[in-house]
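Just below is one structure, and these are the notes that go with it.
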Amino acid sequence: MYLSVDHDLLVRSAYQLPPLPQSAARLAHLLTTDDSDIREIISVIEYDPTLTMKLLRVANSAIGGSRHRIGTVREALIRLGTGTVVGFVVASSVRPLLGKRIPGYNIPETEFWKHSLAAAFAAEAIQAHSANWTGRLAFTAALLHDIGKLVLGQFLTPELLAWLERAVTDGKQAAFQAEAEILSLHHGEAGGVIAQHWGLPDSIVRGIAHHHDPENGEDGICYVTYLANVVAHRLESDPREERPGSQPTVLAKVDPALEWLGLAEESLRSVSDEVQKGLQALSSQLD
Amino acid sequence: MPLDSTDFEFVSSLVLKRSAIVLEPEKNYLVESRLLPLARREGLSSVAELVARMRADSMNGLQQKVVEAMTTNETSFFRDLNPFEALRKVVLPEMFQRRAAERRLQIWCSASSTGQEPYSISLILREHFPGFADWKIGIVASDLSTDVLARARKGCYSQLEVNRGLPAPLLVKYFQRQGTEWQLKEEVRRLVEFRQLNLIDGAWGIAATDIVFIRNVLIYFDVPTKKVILQKIRQLLRPDGYLFLGGAETTLNLDDSFERISFERSGCYRLRKP
């Protein structure tokens, strides 16, 4: 009835995205239980020699932070942590998708990938500093938090874009609120559908779907992805969501997320430093 | 093109009167974006023309369409959650106790749209009250639109629709994957009977009912019509029955026969004892 997006078409479009390699989804599921067997994780990675090689390269980069050369997947897991390793596996799988120009939103090729990586490193650092939350899926959830834009962007006609622009400038809405109001869904929800299609664990699905409205996500990971997204935007010199007169993400309230996660605001500086370090060390490894 | 201020005020006053929804001046773009498709369907070239037509004739049905365009939110499973928690924790246990002799329960969901509300009630019954499976429990779900009724009867929902409000354990237990969609199982669907019903028609054909859901529906009607609808509900609701309205709705100043009952985070209505 409104100027909106056809939900059925959007879901079908999400299902047409290339599937995630089974190994990536399998690894993510292995992390959902505390007693997952490291041997199983190792065997899934070692089954793919190219993946193994990429992982070792990353582990031996500045990210690994070790002078001792890492030569096995087991050593890489111990050095980097299982959550980060699985995140790298997923990152490696989705790099071709996230490195493209995003239609509709007109986000240039490298920018979307850099923002996704920045959020992933921020999530890892936030988790390390958090007094209240632990989990191993935050890196992956934050990496994929904006994946919904890949699909929703395809439906953004010039007319819809103009209405979204007015909702942001006249209505002082945040970008995702404008999407919900004008399109009756936002890119977080669209991303959740993609993550489900890829067979990723529920926690990752929620972290993606509710990275703008963590209070509705019923999962602490949503606060991590929310905060990680804010940190990533603050580090960007030309954030795509910023428009004159809008409610930019950089100014998004962080207090509720900080409180929920048991994080001091001062910690965000350390988080930002770790993001910068990660971006410098890693982005060339995965190109 | 932004609506001029007098036209915007006309629309926002109408919406406020009918639904208690406040539209601040910054929402000019929203009024325009919602009413432009309506204007086009009416063969008009602008929202200004639509407002002019509404002003010229208040009985042409446009006012209701405008209110609907400005207030319609898509339905979802367990929408607003709290009324369903009240139903599960207080209302149904009480009703099952009171109806123990007759072993039957009748529920009516008015303006059920694509069916998520009545199916949410059915899911609660199946999941939390399995011991009453041999009772005669009926959920009548009605709507004006035959299109949405046809969709609702199928009980088939997209991934986006099940993501909104449906707990994952219920999805796994009571739905089956069907291509890209999710089919609600027959054991849940069979409790619900869908019927076409126009609330402003003379006769509804709804039998004596224990629980009525008429949430976010009265907002579409003017005060005299709301009063008539509540009067008719009063006649079919059993003396100890419950009436659920939308979160921002009230019977206050409409019908004194109802009293509000508060629960933890929500409320509903019951007929006052004589």
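Chain labels run A, B, ... following the order of the structure tokens; each chain numbers its residues from 1, and ligands are numbered from 1 in the order shown.
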
Subject >> Within 10 Å of Arg238 (chain B) using only C-alpha atoms, minus same-chain residues under 6 positions, as number ranges by chain >> reply: B: 106, 207-212, 270-271

Okay, now the selection with N, CA and C atoms, as a PDB file, in the first residue's frame?
ATOM      1  N   GLN B 106     -14.494 -19.741  24.076  1.00  0.00           N
ATOM      2  CA  GLN B 106     -14.664 -19.088  22.774  1.00  0.00           C
ATOM      3  C   GLN B 106     -13.896 -17.774  22.769  1.00  0.00           C
ATOM      4  N   ALA B 207     -21.059 -15.522  18.287  1.00  0.00           N
ATOM      5  CA  ALA B 207     -21.751 -16.090  19.448  1.00  0.00           C
ATOM      6  C   ALA B 207     -21.157 -15.550  20.742  1.00  0.00           C
ATOM      7  N   ALA B 208     -21.776 -15.907  21.842  1.00  0.00           N
ATOM      8  CA  ALA B 208     -21.295 -15.488  23.169  1.00  0.00           C
ATOM      9  C   ALA B 208     -19.824 -15.867  23.310  1.00  0.00           C
ATOM     10  N   THR B 209     -19.023 -14.894  23.696  1.00  0.00           N
ATOM     11  CA  THR B 209     -17.561 -15.045  23.651  1.00  0.00           C
ATOM     12  C   THR B 209     -16.938 -14.788  25.005  1.00  0.00           C
ATOM     13  N   ASP B 210     -15.880 -15.534  25.299  1.00  0.00           N
ATOM     14  CA  ASP B 210     -15.201 -15.396  26.589  1.00  0.00           C
ATOM     15  C   ASP B 210     -14.085 -14.355  26.548  1.00  0.00           C
ATOM     16  N   ILE B 211     -13.374 -14.283  25.416  1.00  0.00           N
ATOM     17  CA  ILE B 211     -12.256 -13.331  25.298  1.00  0.00           C
ATOM     18  C   ILE B 211     -12.347 -12.669  23.920  1.00  0.00           C
ATOM     19  N   VAL B 212     -12.311 -11.336  23.919  1.00  0.00           N
ATOM     20  CA  VAL B 212     -12.352 -10.596  22.645  1.00  0.00           C
ATOM     21  C   VAL B 212     -11.044  -9.826  22.481  1.00  0.00           C
ATOM     22  N   ARG B 270     -12.966  -5.561  31.418  1.00  0.00           N
ATOM     23  CA  ARG B 270     -13.995  -6.533  31.797  1.00  0.00           C
ATOM     24  C   ARG B 270     -15.270  -5.751  32.019  1.00  0.00           C
ATOM     25  N   LEU B 271     -16.400  -6.430  31.899  1.00  0.00           N
ATOM     26  CA  LEU B 271     -17.675  -5.757  32.175  1.00  0.00           C
ATOM     27  C   LEU B 271     -17.786  -5.509  33.673  1.00  0.00           C
TER      28      LEU B 271
END

**OP:** Kindly provide, as an NGL selection string, the residues of chain A having any atom no farther than 12 Å from an atom of chain B, counting only C-alpha atoms.
**Re:** :A and (1-4 or 6-16 or 159-173 or 178-197 or 201-203 or 205-206 or 209-210 or 216-218)

**OP:** Go ahead and compute the interatomic distance for CA of Arg234 (chain A) and CA of Thr157 (chain A), in Å to one decimal.
**Re:** 28.4 Å

Subject >> Two-atom distance - CA of Leu81 (chain B), CA of Ser120 (chain B) (Å) >> reply: 10.1 Å

Write out as an mmCIF file with C-alpha atoms, in the first residue's frame each polymer residue whose atoms come within 12 Å of region 54-62 of chain B, counting only C-alpha atoms; drop sequence neighbours fewer than 4 positions from it.
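Saved result, part06.cif, follows:
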data_model
loop_
_atom_site.group_PDB
_atom_site.id
_atom_site.type_symbol
_atom_site.label_atom_id
_atom_site.label_comp_id
_atom_site.auth_asym_id
_atom_site.auth_seq_id
_atom_site.Cartn_x
_atom_site.Cartn_y
_atom_site.Cartn_z
ATOM 1 C CA THR B 6 -3.235 24.017 6.928
ATOM 2 C CA ASP B 7 -3.520 20.729 5.034
ATOM 3 C CA PHE B 10 -6.223 18.977 8.911
ATOM 4 C CA VAL B 11 -4.719 15.517 8.511
ATOM 5 C CA LEU B 14 -8.116 13.853 12.013
ATOM 6 C CA LEU B 35 -0.891 9.563 1.393
ATOM 7 C CA LEU B 38 -3.599 6.757 -1.781
ATOM 8 C CA ALA B 39 -3.990 9.960 -3.791
ATOM 9 C CA ARG B 41 -5.134 5.299 -6.420
ATOM 10 C CA GLU B 42 -7.974 7.834 -6.170
ATOM 11 C CA VAL B 47 -1.873 14.917 -1.511
ATOM 12 C CA ALA B 48 -3.177 18.500 -1.516
ATOM 13 C CA GLU B 49 -5.923 17.389 -3.888
ATOM 14 C CA LEU B 50 -6.705 14.432 -1.627
ATOM 15 C CA VAL B 66 -6.405 8.363 5.335
ATOM 16 C CA VAL B 67 -6.473 7.268 8.975
ATOM 17 C CA GLU B 68 -5.720 3.721 7.871
ATOM 18 C CA ALA B 69 -2.784 4.872 5.748
ATOM 19 C CA TYR B 220 -10.091 3.782 12.386
ATOM 20 C CA PHE B 221 -13.548 4.857 13.475
ATOM 21 C CA ASP B 222 -15.126 8.059 14.704
#

**OP:** Measuring atom to atom with only C-alpha atoms, identify which of A:Gly81, A:Gly135, A:Gly153, A:Pro103 is nearest to Ile38 (chain A).
**Re:** A:Gly81

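As for CA of Tyr105 (chain A) and CA of Leu20 (chain A), they are spaced 23.2 Å apart.
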
Contact residues around Phe139 (chain A) with only C-alpha atoms at 10 Å, ignoring same-chain residues under 2 positions, as a compact mmCIF listing (two decimals) with N, CA and C atoms, in the first residue's frame:
# COMPACT_ATOMS: atom_id res chain seq x y z
N GLY A 83 37.17 -17.58 18.53
CA GLY A 83 36.20 -16.63 17.97
C GLY A 83 36.79 -15.84 16.82
N THR A 84 38.01 -15.34 17.03
CA THR A 84 38.67 -14.55 15.98
C THR A 84 38.98 -15.41 14.78
N VAL A 85 39.43 -16.62 15.00
CA VAL A 85 39.78 -17.50 13.88
C VAL A 85 38.55 -17.78 13.03
N VAL A 86 37.45 -18.11 13.69
CA VAL A 86 36.22 -18.38 12.93
C VAL A 86 35.78 -17.12 12.19
N GLY A 87 35.96 -15.97 12.85
CA GLY A 87 35.64 -14.71 12.19
C GLY A 87 36.45 -14.52 10.92
N PHE A 88 37.74 -14.86 10.99
CA PHE A 88 38.59 -14.72 9.80
C PHE A 88 38.13 -15.67 8.69
N VAL A 90 35.09 -16.71 8.15
CA VAL A 90 33.89 -16.11 7.55
C VAL A 90 34.28 -14.91 6.69
N ALA A 91 35.21 -14.09 7.22
CA ALA A 91 35.64 -12.90 6.47
C ALA A 91 36.22 -13.30 5.13
N SER A 116 33.10 -2.96 7.74
CA SER A 116 32.75 -4.26 8.30
C SER A 116 33.90 -4.81 9.15
N LEU A 117 35.14 -4.69 8.62
CA LEU A 117 36.31 -5.18 9.37
C LEU A 117 36.51 -4.36 10.64
N ALA A 118 36.36 -3.04 10.51
CA ALA A 118 36.54 -2.16 11.67
C ALA A 118 35.57 -2.56 12.78
N ALA A 119 34.32 -2.82 12.41
CA ALA A 119 33.31 -3.21 13.40
C ALA A 119 33.69 -4.55 14.03
N ALA A 120 34.24 -5.45 13.21
CA ALA A 120 34.62 -6.78 13.73
C ALA A 120 35.72 -6.66 14.78
N PHE A 121 36.74 -5.86 14.46
CA PHE A 121 37.82 -5.68 15.44
C PHE A 121 37.31 -4.96 16.68
N ALA A 122 36.42 -4.00 16.47
CA ALA A 122 35.85 -3.28 17.61
C ALA A 122 35.10 -4.26 18.51
N ALA A 123 34.35 -5.16 17.92
CA ALA A 123 33.57 -6.13 18.70
C ALA A 123 34.50 -7.01 19.53
N GLU A 124 35.60 -7.43 18.92
CA GLU A 124 36.56 -8.28 19.63
C GLU A 124 37.14 -7.54 20.83
N ALA A 125 37.48 -6.28 20.61
CA ALA A 125 38.07 -5.48 21.68
C ALA A 125 37.03 -5.18 22.77
N ILE A 126 35.81 -4.88 22.36
CA ILE A 126 34.73 -4.60 23.32
C ILE A 126 34.50 -5.81 24.21
N GLN A 127 34.49 -6.95 23.60
CA GLN A 127 34.28 -8.20 24.33
C GLN A 127 35.38 -8.40 25.36
N GLY A 135 31.54 -14.26 24.90
CA GLY A 135 30.97 -15.04 23.80
C GLY A 135 32.02 -15.10 22.72
N ARG A 136 31.83 -15.97 21.77
CA ARG A 136 32.86 -16.11 20.75
C ARG A 136 32.37 -15.74 19.36
N LEU A 137 31.16 -15.23 19.28
CA LEU A 137 30.59 -14.98 17.97
C LEU A 137 30.53 -13.50 17.59
N ALA A 141 29.57 -11.66 14.01
CA ALA A 141 28.32 -10.89 13.93
C ALA A 141 28.60 -9.45 13.50
N ALA A 142 29.63 -8.86 14.09
CA ALA A 142 29.95 -7.46 13.76
C ALA A 142 30.48 -7.35 12.32
N LEU A 143 31.24 -8.33 11.90
CA LEU A 143 31.74 -8.32 10.52
C LEU A 143 30.58 -8.25 9.53
N LEU A 144 29.52 -8.96 9.85
CA LEU A 144 28.39 -9.08 8.92
C LEU A 144 27.24 -8.13 9.25
N HIS A 145 27.44 -7.20 10.20
CA HIS A 145 26.29 -6.44 10.71
C HIS A 145 25.53 -5.69 9.62
N ILE A 204 24.30 -14.92 16.14
CA ILE A 204 24.82 -14.06 15.06
C ILE A 204 23.65 -13.40 14.33
N ILE A 221 24.79 -9.99 22.59
CA ILE A 221 25.62 -9.77 21.40
C ILE A 221 25.14 -8.54 20.62
N VAL A 224 26.91 -5.57 21.71
CA VAL A 224 28.28 -5.57 21.20
C VAL A 224 28.30 -5.05 19.77
N THR A 225 27.42 -5.58 18.92
CA THR A 225 27.41 -5.13 17.52
C THR A 225 26.98 -3.67 17.42
N ALA A 228 30.04 -1.67 18.51
CA ALA A 228 31.10 -1.86 17.51
C ALA A 228 30.82 -1.01 16.27
